[in-house]
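Next up, target00.txt (compact mmCIF, C-alpha atoms):
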```
# COMPACT_ATOMS: atom_id res chain seq x y z
CA MET J 1 157.03 112.79 105.35
CA SER J 2 159.69 112.20 107.96
CA SER J 3 159.12 113.40 111.50
CA PRO J 4 160.17 117.07 111.83
CA TYR J 5 160.50 116.97 115.60
CA PRO J 6 162.37 114.99 118.30
CA PRO J 7 161.51 111.35 118.96
CA HIS J 8 159.27 109.91 121.62
CA PRO J 9 160.98 110.13 125.04
CA SER J 10 161.58 106.39 125.04
CA ALA J 11 164.05 106.92 122.18
CA PRO J 12 167.44 108.65 122.50
CA ALA J 13 167.42 112.40 122.03
CA VAL J 14 168.32 113.38 118.48
CA PRO J 15 170.25 116.61 117.90
CA PRO J 16 168.60 119.03 115.48
CA PRO J 17 169.94 119.47 111.95
CA ALA J 18 171.52 122.70 110.75
CA ILE J 19 169.31 125.79 110.48
CA GLY J 20 167.57 125.78 107.10
CA HIS J 21 168.36 122.13 106.52
CA GLY J 22 166.88 120.97 103.23
CA LEU J 23 166.05 124.42 101.88
CA GLN J 24 167.13 125.31 98.38
CA LYS J 25 169.97 127.79 98.17
CA GLY J 26 167.74 130.70 97.14
CA ALA J 27 165.42 130.09 100.09
CA GLN J 28 168.18 130.33 102.70
CA PRO J 29 168.03 133.65 104.60
CA ASP J 30 171.26 135.62 104.68
CA VAL J 31 173.21 136.05 107.89
CA ALA J 32 172.01 139.62 108.43
CA THR J 33 168.37 138.51 108.28
CA LEU J 34 169.00 135.58 110.61
CA THR J 35 170.75 137.90 113.07
CA ALA J 36 167.78 140.28 113.07
CA LEU J 37 165.45 137.32 113.60
CA TRP J 38 167.56 136.09 116.53
CA GLU J 39 167.41 139.54 118.14
CA MET J 40 163.61 139.63 117.81
CA MET J 41 163.25 136.07 119.11
CA SER J 42 165.48 136.97 122.06
CA LEU J 43 163.37 140.07 122.75
CA SER J 44 160.24 137.92 122.75
CA ARG J 45 161.78 135.35 125.11
CA ARG J 46 163.13 137.95 127.53
CA THR J 47 159.89 139.95 127.55
CA GLU J 48 157.96 136.87 128.59
CA THR J 49 160.60 135.96 131.15
CA ARG J 50 160.28 139.41 132.70
CA ILE J 51 156.48 139.08 132.83
CA ILE J 52 156.88 135.73 134.61
CA GLU J 53 159.16 137.38 137.18
CA LEU J 54 156.58 140.13 137.74
CA TYR J 55 153.89 137.48 138.10
CA ARG J 56 155.91 135.74 140.83
CA GLN J 57 156.20 139.11 142.58
CA ASN J 58 152.41 139.66 142.33
CA HIS J 59 152.81 142.70 140.07
CA VAL J 60 151.08 140.77 137.26
CA THR J 61 147.89 138.94 138.13
CA GLY J 62 145.65 136.56 136.24
CA GLY J 63 146.79 134.15 133.57
CA VAL J 64 150.30 134.35 132.09
CA TYR J 65 150.52 132.35 128.86
CA THR J 66 153.90 132.25 127.17
CA GLY J 67 155.26 131.19 123.82
CA HIS J 68 158.47 129.76 125.29
CA GLY J 69 159.62 127.33 122.59
CA ASN J 70 157.42 128.89 119.90
CA GLU J 71 159.56 131.95 119.13
CA ALA J 72 160.76 130.78 115.72
CA THR J 73 157.17 130.24 114.62
CA SER J 74 155.73 133.50 115.93
CA VAL J 75 158.61 135.70 114.77
CA GLY J 76 159.35 133.92 111.49
CA SER J 77 155.74 133.84 110.30
CA ALA J 78 155.02 137.51 111.03
CA TRP J 79 158.34 138.50 109.44
CA CYS J 80 156.88 137.59 106.02
CA MET J 81 153.93 139.97 106.24
CA ALA J 82 153.58 143.09 104.12
CA GLU J 83 152.74 146.36 105.85
CA HIS J 84 149.08 146.22 104.79
CA ASP J 85 148.61 142.56 105.81
CA VAL J 86 146.58 141.77 108.94
CA LEU J 87 147.67 139.70 111.94
CA VAL J 88 144.98 137.78 113.85
CA PRO J 89 147.03 136.26 116.69
CA THR J 90 146.37 134.12 119.76
CA HIS J 91 147.74 134.04 123.28
CA ARG J 92 151.26 132.67 122.65
CA ASP J 93 152.18 134.99 119.77
CA MET J 94 154.37 137.50 121.61
CA GLY J 95 156.93 137.42 118.81
CA SER J 96 154.31 138.24 116.17
CA HIS J 97 153.08 141.24 118.19
CA LEU J 98 156.60 142.60 118.51
CA VAL J 99 157.37 142.10 114.82
CA ARG J 100 154.16 143.87 113.81
CA GLY J 101 154.82 146.92 115.93
CA HIS J 102 153.57 146.49 119.45
CA THR J 103 156.27 147.74 121.82
CA VAL J 104 157.47 146.14 125.03
CA GLU J 105 156.15 149.25 126.80
CA GLU J 106 152.64 148.52 125.49
CA VAL J 107 152.97 144.86 126.41
CA LEU J 108 154.04 145.66 130.00
CA LEU J 109 151.27 148.23 130.50
CA GLN J 110 148.80 145.61 129.34
CA ALA J 111 150.28 142.85 131.50
CA MET J 112 150.06 145.06 134.59
CA LYS J 113 146.53 146.29 133.75
CA ARG J 114 147.34 149.99 133.79
CA ALA J 115 144.78 152.66 132.93
CA ASP J 116 146.59 153.75 129.79
CA SER J 117 147.01 150.22 128.43
CA GLN J 118 145.15 149.33 125.26
CA THR J 119 142.31 147.74 127.22
CA GLY J 120 142.26 150.42 129.91
CA GLY J 121 143.15 147.93 132.63
CA LYS J 122 140.21 145.65 131.91
CA ASP J 123 142.36 142.82 130.61
CA SER J 124 145.93 141.53 130.50
CA GLY J 125 148.02 139.18 128.41
CA LEU J 126 148.17 139.56 124.66
CA HIS J 127 144.61 140.82 124.22
CA LEU J 128 146.17 143.64 122.24
CA GLY J 129 144.83 145.22 119.10
CA ARG J 130 143.72 148.63 117.96
CA GLU J 131 142.40 150.34 114.88
CA GLY J 132 145.18 151.24 112.49
CA SER J 133 147.64 148.67 113.84
CA ASN J 134 146.61 145.82 111.50
CA ILE J 135 146.52 143.59 114.59
CA VAL J 136 143.13 142.23 115.60
CA GLY J 137 142.92 141.73 119.37
CA MET J 138 142.27 138.10 120.27
CA ILE J 139 139.17 136.42 121.68
CA SER J 140 140.06 134.22 124.65
CA HIS J 141 138.10 131.21 123.45
CA LEU J 142 140.64 129.43 121.30
CA ALA J 143 139.86 128.68 117.65
CA HIS J 144 137.37 131.58 117.71
CA MET J 145 139.95 133.80 116.01
CA MET J 146 139.96 131.64 112.89
CA PRO J 147 136.50 132.68 111.65
CA VAL J 148 137.47 136.26 112.55
CA ALA J 149 140.56 135.96 110.34
CA VAL J 150 138.43 134.64 107.49
CA GLY J 151 135.97 137.51 107.93
CA VAL J 152 138.81 140.03 107.91
CA ALA J 153 140.19 138.51 104.70
CA LEU J 154 136.75 138.70 103.05
CA ALA J 155 136.29 142.31 104.18
CA GLU J 156 139.75 143.29 102.92
CA ARG J 157 138.95 141.74 99.55
CA GLN J 158 135.65 143.62 99.35
CA LYS J 159 137.50 146.85 100.15
CA GLY J 160 140.00 146.08 97.40
CA SER J 161 142.96 146.37 99.77
CA HIS J 162 144.75 143.20 98.55
CA ALA J 163 145.72 142.42 102.15
CA SER J 164 146.47 138.87 103.27
CA VAL J 165 145.77 137.58 106.77
CA LEU J 166 147.92 135.48 109.11
CA THR J 167 146.31 133.60 112.00
CA THR J 168 147.43 130.87 114.39
CA VAL J 169 145.73 128.16 116.39
CA GLY J 170 147.01 125.46 118.73
CA GLU J 171 146.70 121.77 117.96
CA GLY J 172 144.17 121.47 120.78
CA ALA J 173 141.87 124.15 119.40
CA SER J 174 142.08 122.59 115.94
CA SER J 175 139.53 120.04 117.21
CA LEU J 176 136.85 122.71 117.54
CA GLY J 177 134.22 123.37 114.89
CA ASP J 178 135.46 126.93 114.35
CA PHE J 179 138.66 125.52 112.86
CA HIS J 180 136.87 123.40 110.26
CA GLU J 181 134.30 126.04 109.35
CA ALA J 182 137.01 128.65 108.86
CA LEU J 183 139.12 126.40 106.64
CA ASN J 184 136.15 125.35 104.55
CA PHE J 185 134.83 128.88 103.96
CA ALA J 186 138.28 130.26 103.21
CA ALA J 187 138.98 127.49 100.72
CA VAL J 188 135.65 127.81 98.92
CA GLN J 189 136.04 131.58 98.65
CA LYS J 190 139.80 131.34 97.88
CA LEU J 191 140.50 133.89 100.58
CA PRO J 192 144.08 135.06 101.21
CA VAL J 193 144.57 133.49 104.66
CA VAL J 194 147.65 131.76 106.03
CA PHE J 195 146.54 129.34 108.76
CA ILE J 196 149.25 128.10 111.13
CA ILE J 197 148.64 125.28 113.60
CA VAL J 198 151.23 125.74 116.33
CA ASN J 199 151.50 122.12 117.43
CA ASN J 200 153.15 122.41 120.83
CA GLN J 201 152.36 118.82 121.82
CA TYR J 202 149.94 119.47 124.70
CA ALA J 203 146.44 120.97 124.80
CA TYR J 204 146.73 122.04 128.42
CA SER J 205 147.45 118.57 129.88
CA THR J 206 146.23 116.44 126.96
CA PRO J 207 149.06 115.08 124.77
CA ARG J 208 148.52 115.17 121.04
CA THR J 209 148.51 111.34 120.97
CA LEU J 210 145.24 111.34 122.94
CA GLN J 211 143.65 114.09 120.87
CA TYR J 212 143.88 112.95 117.25
CA ALA J 213 144.91 109.84 115.34
CA ALA J 214 146.38 111.53 112.25
CA THR J 215 150.15 111.51 111.85
CA PHE J 216 150.14 115.16 110.80
CA LEU J 217 147.38 117.72 111.19
CA SER J 218 148.40 119.31 107.91
CA SER J 219 146.79 116.32 106.18
CA ARG J 220 143.42 117.91 106.99
CA ALA J 221 144.14 120.57 104.37
CA ALA J 222 143.44 118.16 101.50
CA GLY J 223 139.87 117.67 102.72
CA TYR J 224 139.22 121.36 102.18
CA GLY J 225 141.02 121.70 98.87
CA MET J 226 144.02 123.69 100.03
CA PRO J 227 147.73 122.88 100.29
CA GLY J 228 149.13 121.89 103.66
CA GLU J 229 152.54 121.04 105.05
CA THR J 230 154.17 120.16 108.36
CA ILE J 231 157.41 121.94 109.23
CA ASP J 232 160.02 122.10 111.96
CA GLY J 233 158.69 125.06 113.93
CA THR J 234 161.91 125.49 115.91
CA ASP J 235 163.90 126.39 112.76
CA VAL J 236 163.18 130.01 111.89
CA ALA J 237 164.58 129.65 108.36
CA ILE J 238 162.13 126.85 107.59
CA VAL J 239 159.25 128.81 109.13
CA LEU J 240 160.22 131.83 107.05
CA ASP J 241 160.32 129.80 103.84
CA ALA J 242 156.99 128.03 104.39
CA THR J 243 155.16 131.19 105.39
CA ARG J 244 156.65 133.19 102.52
CA ARG J 245 155.41 130.62 100.01
CA ALA J 246 151.96 130.65 101.62
CA PHE J 247 151.75 134.44 101.37
CA GLU J 248 152.86 134.31 97.74
CA ARG J 249 150.02 131.90 96.98
CA ALA J 250 147.56 134.16 98.80
CA ARG J 251 148.72 137.24 96.90
CA ARG J 252 148.36 135.44 93.57
CA GLY J 253 144.72 134.79 94.39
CA GLU J 254 145.22 131.04 94.91
CA GLY J 255 143.55 130.95 98.32
CA PRO J 256 144.56 129.77 101.78
CA THR J 257 147.33 127.48 103.04
CA LEU J 258 147.49 125.34 106.18
CA ILE J 259 150.89 125.05 107.89
CA GLU J 260 151.47 122.79 110.87
CA SER J 261 154.45 124.05 112.83
CA MET J 262 155.87 121.43 115.21
CA THR J 263 157.16 122.95 118.43
CA MET J 264 157.07 122.24 122.15
CA ARG J 265 155.44 124.31 124.87
CA MET J 266 158.37 124.47 127.26
CA ARG J 267 156.34 125.75 130.21
CA GLY J 268 152.93 124.87 131.61
CA HIS J 269 149.69 125.92 129.98
CA SER J 270 149.93 129.04 132.13
CA GLU J 271 152.32 130.02 134.88
CA HIS J 272 150.07 128.51 137.55
CA ASP J 273 150.60 125.11 135.89
CA ASP J 274 153.78 123.17 136.72
CA ALA J 275 153.36 120.79 133.73
CA LYS J 276 154.07 117.68 135.83
CA TYR J 277 152.03 115.72 133.29
CA VAL J 278 154.82 116.10 130.69
CA PRO J 279 157.43 113.30 130.90
CA LYS J 280 160.80 114.76 131.83
CA PRO J 281 162.60 112.93 128.98
CA LEU J 282 160.29 114.67 126.51
CA PHE J 283 161.21 118.08 127.90
CA GLU J 284 164.88 117.15 127.72
CA ALA J 285 164.58 115.94 124.12
CA TRP J 286 163.00 119.23 123.08
CA ARG J 287 165.44 121.34 125.07
CA GLY J 288 168.08 120.55 122.49
CA TRP J 289 165.77 122.04 119.84
CA ASP J 290 165.30 125.37 121.64
CA PRO J 291 164.68 127.81 118.77
CA VAL J 292 166.55 130.77 120.28
CA HIS J 293 169.62 128.79 121.35
CA ARG J 294 169.61 126.80 118.12
CA LEU J 295 169.72 129.95 115.99
CA GLU J 296 172.35 131.53 118.23
CA ALA J 297 174.61 128.48 117.83
CA HIS J 298 174.18 128.67 114.04
CA LEU J 299 175.13 132.37 113.99
CA ARG J 300 178.14 131.76 116.22
CA ALA J 301 179.34 129.06 113.84
CA ALA J 302 178.87 131.51 110.95
CA GLY J 303 180.94 134.14 112.74
CA ALA J 304 178.03 136.59 113.05
CA LEU J 305 177.83 136.29 116.85
CA ASP J 306 180.36 135.88 119.62
CA ASP J 307 180.26 136.29 123.39
CA ALA J 308 180.69 140.07 123.21
CA LYS J 309 177.95 140.56 120.61
CA VAL J 310 175.53 138.29 122.44
CA LYS J 311 176.18 140.11 125.71
CA ALA J 312 175.69 143.50 124.05
CA ALA J 313 172.40 142.42 122.50
CA VAL J 314 171.07 140.86 125.71
CA ASP J 315 172.16 143.89 127.78
CA ALA J 316 170.32 146.21 125.36
CA ILE J 317 167.16 144.10 125.63
CA GLU J 318 167.36 144.04 129.44
CA ALA J 319 167.88 147.81 129.60
CA ARG J 320 164.86 148.33 127.35
CA LEU J 321 162.78 146.03 129.56
CA ASP J 322 164.00 147.80 132.70
CA ARG J 323 162.66 151.08 131.30
CA ALA J 324 159.37 149.48 130.27
CA VAL J 325 158.85 147.87 133.68
CA ALA J 326 159.66 151.11 135.49
CA ALA J 327 157.17 153.01 133.30
CA ALA J 328 154.47 150.41 133.88
CA MET J 329 155.11 150.41 137.64
CA ALA J 330 154.75 154.19 137.70
CA ALA J 331 151.61 154.22 135.54
CA ALA J 332 148.25 154.67 137.24
CA PRO J 333 145.82 151.79 137.70
CA PRO J 334 142.31 152.23 136.29
CA GLU J 335 139.64 154.00 138.31
CA GLY J 336 136.62 151.97 139.33
CA ARG J 337 134.17 153.84 137.11
CA SER J 338 136.15 152.86 134.01
CA ALA J 339 134.81 149.30 134.37
CA VAL J 340 131.60 150.37 132.61
CA GLU J 341 133.31 152.57 130.02
CA GLY J 342 134.03 151.27 126.55
CA VAL J 343 132.05 148.09 127.07
CA PHE J 344 129.64 148.93 124.27
CA ARG J 345 130.42 151.13 121.32
CA ARG J 346 128.32 154.29 121.25
CA TRP J 347 126.88 155.03 117.82
CA GLU J 348 125.51 158.40 116.86
CA PRO J 349 122.03 157.98 115.31
CA GLU J 350 123.02 159.47 111.97
CA TRP J 351 125.79 156.86 111.65
CA SER J 352 123.64 153.82 112.26
CA VAL J 353 120.31 154.51 110.53
CA PRO J 354 119.22 156.29 107.34
CA ASP J 355 118.28 159.95 107.56
CA GLY J 356 114.74 160.38 108.80
CA ALA J 357 114.39 156.80 110.03
CA ILE J 358 114.16 157.79 113.70
CA ALA J 359 111.49 160.41 112.96
CA LEU J 360 109.59 157.84 110.89
CA ALA J 361 109.79 155.30 113.73
CA ASP J 362 108.46 157.90 116.17
CA GLU J 363 105.57 158.60 113.79
CA VAL J 364 104.70 154.89 113.56
CA LEU J 365 104.90 154.39 117.31
CA ARG J 366 102.56 157.32 117.91
```
Could you render the structure as structure tokens?
Amino acid sequence: MSSPYPPHPSAPAVPPPAIGHGLQKGAQPDVATLTALWEMMSLSRRTETRIIELYRQNHVTGGVYTGHGNEATSVGSAWCMAEHDVLVPTHRDMGSHLVRGHTVEEVLLQAMKRADSQTGGKDSGLHLGREGSNIVGMISHLAHMMPVAVGVALAERQKGSHASVLTTVGEGASSLGDFHEALNFAAVQKLPVVFIIVNNQYAYSTPRTLQYAATFLSSRAAGYGMPGETIDGTDVAIVLDATRRAFERARRGEGPTLIESMTMRMRGHSEHDDAKYVPKPLFEAWRGWDPVHRLEAHLRAAGALDDAKVKAAVDAIEARLDRAVAAAMAAAPPEGRSAVEGVFRRWEPEWSVPDGAIALADEVLR
């Protein structure tokens, strides 16, 4: 397999190939689909940019983790999901959240910890998920969402819902035991899970070259008896094709797939991190592979975008974000007593134990 990402910084920067390079004709998305994907990727990028601005102004506090550079992966993978499929995302999957129905208004309320956010002001970031949304809110400890995704897939099978599950993990978290246990169980049970390793080159400050010796992490798939492939994660057409094929396998009952999507985290681990540990030539090499700009250039060459259309789209996104920010600014913060509310789920006795069990227990205790 040839390298699907730019060279080491000691080598000259290589320009990216055309969008969808190498795909068969039937697998190439049409221009209308690519335009819609570009709009969603642009919305994801601009939403995160606005959150960064609010963070610098102290309106957003805590960690700000962005998917800058990962937009083709997060948007393209979620684009393939059916309505009844379940997303089990992690902290850089803004694009997936937006594709699956979370609004920028919900994202801003969450980022600013407002009382009427999904977590009631107890949390921020992309810890978003609610019953009925088919999005499972993430656990902060990375790789912990992979066993959750496997459990969701097993539960959906037992319910007979025929839902498939999409989950992501970074290359750093793929070194944890949760990753291997999830892959093994899913493969043995032939569960309908699409696992995506978003390989963005650095696990916080640790480069991938100091973390694992394999050429491609997708080679781990063979050890668990599932197919795996490494793709250019900055090309949304390639992401779309690989994820679509993985979902088709899952829906045919053929079990899970492991996809390694090669990208670059173009900002620090979080916004408090200046990423000085990343060689500048490496950043520059990847800048030419920016997924949003790369797709925009392709659509301009195809005649689907021009300066006026790009400006109109960006202006519409900014106006939408202006409204969302204003609403979040005006929204009330949580009251202090809410800190102890919703921490534990309250179960009515008749829901949690058989009829008569409490009376029987009282009898025994007496």
Where does region 177-279 of chain J meet region 128-149 of chain J within 7 Å, residue by residue, with the nearest atom pair and distance in Å to one decimal for each, counting only C-alpha atoms, listed by chain and rising number, as a Markdown table?
```
| residue | atom | partner | partner_atom | distance |
| --- | --- | --- | --- | --- |
| J:Asp178 | CA | J:Ala143 | CA | 5.8 |
| J:Phe179 | CA | J:Ala143 | CA | 5.9 |
| J:Ala182 | CA | J:Pro147 | CA | 4.9 |
```
Legend entry - Contacts of Ser218 (chain J) at 7 Å (only C-alpha atoms; same-chain gap of 3+ positions) as a list in words: Ala221, Gly228, Glu229, Thr230, Leu258, Ile259 and Glu260 of chain J
Inset, instruction - Excluding Ile231 (chain J) and residues on its chain fewer than 6 positions from it, collect all residues at most 8 Å away from it, counting all atoms listed in the file, and give them as an MDAnalysis selection string. - result: chainID J and resid 4 238:239 242 259:262
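With all atoms listed in the file as the atoms that count, the minimum distance from Ala173 (chain J) to the choices J:Val188, J:Glu335, J:Tyr212, J:Gly288 is reached by J:Tyr212.
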Inset, instruction - Work out how far apart CA of Pro16 (chain J) and CA of Pro29 (chain J) are and give it in Å to one decimal. - result: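 So the two atoms, CA of Pro16 (chain J) and CA of Pro29 (chain J), lie 18.2 Å apart.
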Inset, instruction - Work out how far apart CA of Ala222 (chain J) and CA of Glu181 (chain J) are and give it in Å to one decimal. - result: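 Computed distance, CA of Ala222 (chain J) to CA of Glu181 (chain J), equals 14.4 Å.
Our summary of the geometry notes that CA of Arg92 (chain J) is positioned 4.4 Å from CA of Gly67 (chain J).
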Legend entry - Counting all atoms listed in the file, the residue of J:Val169, J:His298, J:Leu176, J:Ala27 that sits nearest Arg245 (chain J):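 Of all the options, J:Ala27 lies closest to Arg245 (chain J).
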When you look at region 109-114 of chain J with a cut-off of 10 Å (counting all atoms listed in the file), what residues show up, excluding the ones that are within fewer than 4 positions of it in the same chain? I need them as a PDB file with C-alpha atoms, keeping the file's coordinate frame.
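Result file is around04.pdb:
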```pdb
ATOM      1  CA  ILE J  51     156.480 139.080 132.830  1.00  0.00           C
ATOM      2  CA  LEU J  54     156.580 140.130 137.740  1.00  0.00           C
ATOM      3  CA  TYR J  55     153.890 137.480 138.100  1.00  0.00           C
ATOM      4  CA  ASN J  58     152.410 139.660 142.330  1.00  0.00           C
ATOM      5  CA  HIS J  59     152.810 142.700 140.070  1.00  0.00           C
ATOM      6  CA  VAL J  60     151.080 140.770 137.260  1.00  0.00           C
ATOM      7  CA  THR J  61     147.890 138.940 138.130  1.00  0.00           C
ATOM      8  CA  GLY J  62     145.650 136.560 136.240  1.00  0.00           C
ATOM      9  CA  GLY J  63     146.790 134.150 133.570  1.00  0.00           C
ATOM     10  CA  VAL J  64     150.300 134.350 132.090  1.00  0.00           C
ATOM     11  CA  VAL J 104     157.470 146.140 125.030  1.00  0.00           C
ATOM     12  CA  GLU J 105     156.150 149.250 126.800  1.00  0.00           C
ATOM     13  CA  GLN J 118     145.150 149.330 125.260  1.00  0.00           C
ATOM     14  CA  THR J 119     142.310 147.740 127.220  1.00  0.00           C
ATOM     15  CA  GLY J 120     142.260 150.420 129.910  1.00  0.00           C
ATOM     16  CA  GLY J 121     143.150 147.930 132.630  1.00  0.00           C
ATOM     17  CA  LYS J 122     140.210 145.650 131.910  1.00  0.00           C
ATOM     18  CA  ASP J 123     142.360 142.820 130.610  1.00  0.00           C
ATOM     19  CA  SER J 124     145.930 141.530 130.500  1.00  0.00           C
ATOM     20  CA  GLY J 125     148.020 139.180 128.410  1.00  0.00           C
ATOM     21  CA  LEU J 126     148.170 139.560 124.660  1.00  0.00           C
ATOM     22  CA  HIS J 127     144.610 140.820 124.220  1.00  0.00           C
ATOM     23  CA  LEU J 128     146.170 143.640 122.240  1.00  0.00           C
ATOM     24  CA  ALA J 324     159.370 149.480 130.270  1.00  0.00           C
ATOM     25  CA  VAL J 325     158.850 147.870 133.680  1.00  0.00           C
ATOM     26  CA  ALA J 327     157.170 153.010 133.300  1.00  0.00           C
ATOM     27  CA  ALA J 328     154.470 150.410 133.880  1.00  0.00           C
ATOM     28  CA  MET J 329     155.110 150.410 137.640  1.00  0.00           C
ATOM     29  CA  ALA J 330     154.750 154.190 137.700  1.00  0.00           C
ATOM     30  CA  ALA J 331     151.610 154.220 135.540  1.00  0.00           C
ATOM     31  CA  ALA J 332     148.250 154.670 137.240  1.00  0.00           C
ATOM     32  CA  PRO J 333     145.820 151.790 137.700  1.00  0.00           C
ATOM     33  CA  PRO J 334     142.310 152.230 136.290  1.00  0.00           C
ATOM     34  CA  GLU J 335     139.640 154.000 138.310  1.00  0.00           C
TER      35      GLU J 335
END
```
Inset, instruction - Identify, on the basis of only C-alpha atoms, every residue whose closest approach to Arg100 (chain J) does not exceed 8 Å; exclude the query and any residue fewer than 2 positions from it along the same chain; express the result as a ChimeraX atom specification. - result: /J:78,87,96-98,102,135
Inset, instruction - Compare J:Val292, J:Leu108, J:Ala275, J:Val14 by their minimum atom-to-atom distance to Leu37 (chain J), counting all atoms listed in the file, and give me the closest one. - result: J:Val292
Legend entry - Nearest residue to Asn70 (chain J) from the set J:Arg337, J:Arg267, J:Lys190, J:Arg251 (distances using all atoms listed in the file): J:Arg267
Legend entry - Residues within 8 Å of (158.6, 122.7, 123.8), counting all atoms listed in the file, listed as a ChimeraX atom specification: /J:68-70,200-201,263-267,283,286-287,290
Store the residues picked out above in a file with C-alpha atoms, as a JSON list (two decimals), in the frame of the given file.
```json
[["chain", "number", "residue", "atom", "x", "y", "z"],
["J", 68, "HIS", "CA", 158.47, 129.76, 125.29],
["J", 69, "GLY", "CA", 159.62, 127.33, 122.59],
["J", 70, "ASN", "CA", 157.42, 128.89, 119.90],
["J", 200, "ASN", "CA", 153.15, 122.41, 120.83],
["J", 201, "GLN", "CA", 152.36, 118.82, 121.82],
["J", 263, "THR", "CA", 157.16, 122.95, 118.43],
["J", 264, "MET", "CA", 157.07, 122.24, 122.15],
["J", 265, "ARG", "CA", 155.44, 124.31, 124.87],
["J", 266, "MET", "CA", 158.37, 124.47, 127.26],
["J", 267, "ARG", "CA", 156.34, 125.75, 130.21],
["J", 283, "PHE", "CA", 161.21, 118.08, 127.90],
["J", 286, "TRP", "CA", 163.00, 119.23, 123.08],
["J", 287, "ARG", "CA", 165.44, 121.34, 125.07],
["J", 290, "ASP", "CA", 165.30, 125.37, 121.64]]
```
Legend entry - Best match for closeness to Ala203 (chain J) among J:Leu305, J:Val278, J:Val343, J:Val314, counting all atoms listed in the file: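 Among the listed residues, J:Val278 lies closest to Ala203 (chain J).
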Legend entry - Selected residue of minimal separation from Asp274 (chain J) among J:Phe216, J:Tyr204, J:Phe185, J:Phe247, counting only C-alpha atoms: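 Checking each candidate against Asp274 (chain J), we get J:Tyr204 as the closest.
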